[in-house]
Amino acid sequence: MQSSQNSQLAMGGSDRLRFAAGFFFLLTLSVAVFAAGRLHFGFDVPIPIRDTALIASVLSGLLQTWAMLVNPFFSAIVRLQTERGHHVIAEDSYQFVRHPGYLAMLVAVPASAIAPGAWIALILAAGFVATIAERARIEDEFLMQNLAGYKSSATKIRGGLFPKIPVE
């Protein structure tokens with residue numbers, strides 16, 4: 001019964017957070033492009049920073065793609081895919097962090113906010129980042145409780161969203 005309640009909790013929270021993330025994502029990009037392109041408002045971002053943000057956005061897209069290719073269980077919904085033999089993925093991008101897809105999103109949206117040239121869009125990107133960080137926390141907790149081998153893997157891959165360098 002507890003596992004069923006955890007599943008329902010994860011899915012319900014997942015739906016709300018998925019909606020919020022999509023909302024903040026679209027609003028961030030819309031404000032960034034409109035503010036920079038139409039209003040010329042938002043404290044113009046210098047070209048070198050815009051270029052760096054564009055490169056960061058592209059690289060984070062590549063990380064996201066890599067995470068999706070490596071993990072056949074990558075999903076927009078937090079759930080166990082028992083019908084597909086869901087198991088822990090701990091290789092490639094997943095050997096550095098447990099959630100490389102979320103890490104990619106945490107970089108992509110703020111970078112996409114400033115690449116067009118409007119600092120003001122970072123305010124909305126902060127909402128996206130907070131939403132994704134919460135979703136990653138919920139998913140990590142859900143997997144710790146429900147996916148066989150995940151706790152053990154988490155002791156080896158200590159970084160949830162960011163790589164953790166072992167201190168000697």
# chains A, B, ... in the order shown; residues from 1 in each chain; ligands from 1

$ select_by_dssp --residues "region 6-120 of chain A" --states "helix (DSSP H, G or I)" --output "VMD selection string"
chain A and resid 6 to 39 47 to 70 82 to 84 92 to 95 100 to 114 119 to 120

$ residues_around --residues "Tyr150 (chain A)" --least-positions-apart "4" --cutoff "9 Å" --atoms "only C-alpha atoms" --output "CSV table (one decimal) with N, CA and C atoms, in the first residue's frame"
chain,number,residue,atom,x,y,z
A,87,HIS,N,15.2,-0.5,-14.6
A,87,HIS,CA,16.4,-0.7,-13.7
A,87,HIS,C,17.2,0.5,-13.7
A,88,VAL,N,18.2,0.5,-12.8
A,88,VAL,CA,19.1,1.7,-12.6
A,88,VAL,C,20.0,1.8,-13.8
A,89,ILE,N,20.1,3.0,-14.3
A,89,ILE,CA,21.1,3.3,-15.4
A,89,ILE,C,22.3,4.0,-14.7
A,140,ASP,N,14.1,11.7,-7.2
A,140,ASP,CA,15.2,11.0,-6.5
A,140,ASP,C,14.6,10.3,-5.3
A,143,LEU,N,12.5,7.3,-6.5
A,143,LEU,CA,13.4,6.2,-7.0
A,143,LEU,C,14.1,5.5,-5.8
A,144,MET,N,14.5,6.3,-4.8
A,144,MET,CA,15.2,5.7,-3.6
A,144,MET,C,14.3,4.7,-2.9
A,145,GLN,N,13.0,5.0,-2.9
A,145,GLN,CA,12.0,4.2,-2.2
A,145,GLN,C,11.5,3.1,-3.0
A,146,ASN,N,11.5,3.2,-4.3
A,146,ASN,CA,10.8,2.2,-5.2
A,146,ASN,C,11.5,1.5,-6.2
A,154,ALA,N,23.1,5.3,-5.7
A,154,ALA,CA,23.2,6.6,-5.2
A,154,ALA,C,24.4,6.8,-4.3
A,155,THR,N,24.8,5.8,-3.6
A,155,THR,CA,26.0,5.9,-2.8
A,155,THR,C,27.3,6.0,-3.6

$ residues_around --residues "Pro72 (chain A)" --least-positions-apart "5" --cutoff "12 Å" --atoms "only C-alpha atoms" --output "mmCIF file with N, CA and C atoms, in the first residue's frame"
data_model
loop_
_atom_site.group_PDB
_atom_site.id
_atom_site.type_symbol
_atom_site.label_atom_id
_atom_site.label_comp_id
_atom_site.auth_asym_id
_atom_site.auth_seq_id
_atom_site.Cartn_x
_atom_site.Cartn_y
_atom_site.Cartn_z
ATOM 1 N N THR A 65 20.078 15.211 -24.824
ATOM 2 C CA THR A 65 19.921 14.164 -25.834
ATOM 3 C C THR A 65 20.680 12.908 -25.434
ATOM 4 N N TRP A 66 21.892 13.076 -24.951
ATOM 5 C CA TRP A 66 22.710 11.950 -24.501
ATOM 6 C C TRP A 66 21.994 11.195 -23.385
ATOM 7 N N ALA A 67 21.471 11.933 -22.407
ATOM 8 C CA ALA A 67 20.758 11.302 -21.292
ATOM 9 C C ALA A 67 19.544 10.520 -21.790
ATOM 10 N N GLN A 81 8.646 1.957 -14.529
ATOM 11 C CA GLN A 81 8.207 1.313 -15.769
ATOM 12 C C GLN A 81 8.456 -0.187 -15.650
ATOM 13 N N ARG A 84 8.443 -2.588 -18.512
ATOM 14 C CA ARG A 84 9.595 -2.543 -19.414
ATOM 15 C C ARG A 84 10.882 -2.973 -18.722
ATOM 16 N N GLY A 85 10.757 -3.521 -17.502
ATOM 17 C CA GLY A 85 11.957 -3.982 -16.793
ATOM 18 C C GLY A 85 12.811 -2.850 -16.256
ATOM 19 N N HIS A 86 12.194 -1.810 -15.762
ATOM 20 C CA HIS A 86 12.885 -0.633 -15.245
ATOM 21 C C HIS A 86 14.016 -1.031 -14.293
ATOM 22 N N HIS A 87 15.194 -0.504 -14.555
ATOM 23 C CA HIS A 87 16.354 -0.741 -13.703
ATOM 24 C C HIS A 87 17.227 0.507 -13.682
ATOM 25 N N VAL A 88 18.189 0.509 -12.795
ATOM 26 C CA VAL A 88 19.080 1.653 -12.627
ATOM 27 C C VAL A 88 20.001 1.777 -13.831
ATOM 28 N N ILE A 89 20.139 2.986 -14.330
ATOM 29 C CA ILE A 89 21.101 3.299 -15.391
ATOM 30 C C ILE A 89 22.254 4.033 -14.710
#

$ closest_residue --among "A:Ala21, A:Ala32, A:Ile47, A:Val70" --to "Leu106 (chain A)" --atoms "only C-alpha atoms"
A:Ala21

$ atom_distance --atom1 "CA of Val129 (chain A)" --atom2 "CA of Ala90 (chain A)"
24.2 Å

$ residues_around --residues "Leu29 (chain A)" --least-positions-apart "6" --cutoff "10 Å" --atoms "only C-alpha atoms" --output "list in words"
Ala35, Val109, Pro110, Ser112, Ala113, Ile114, Ala115, Pro116, Ala121, Leu122, Leu124 and Ala125 of chain A

$ closest_residue --among "A:Gly117, A:Ser152, A:Arg135, A:Ser60" --to "Ala36 (chain A)" --atoms "only C-alpha atoms"
A:Gly117
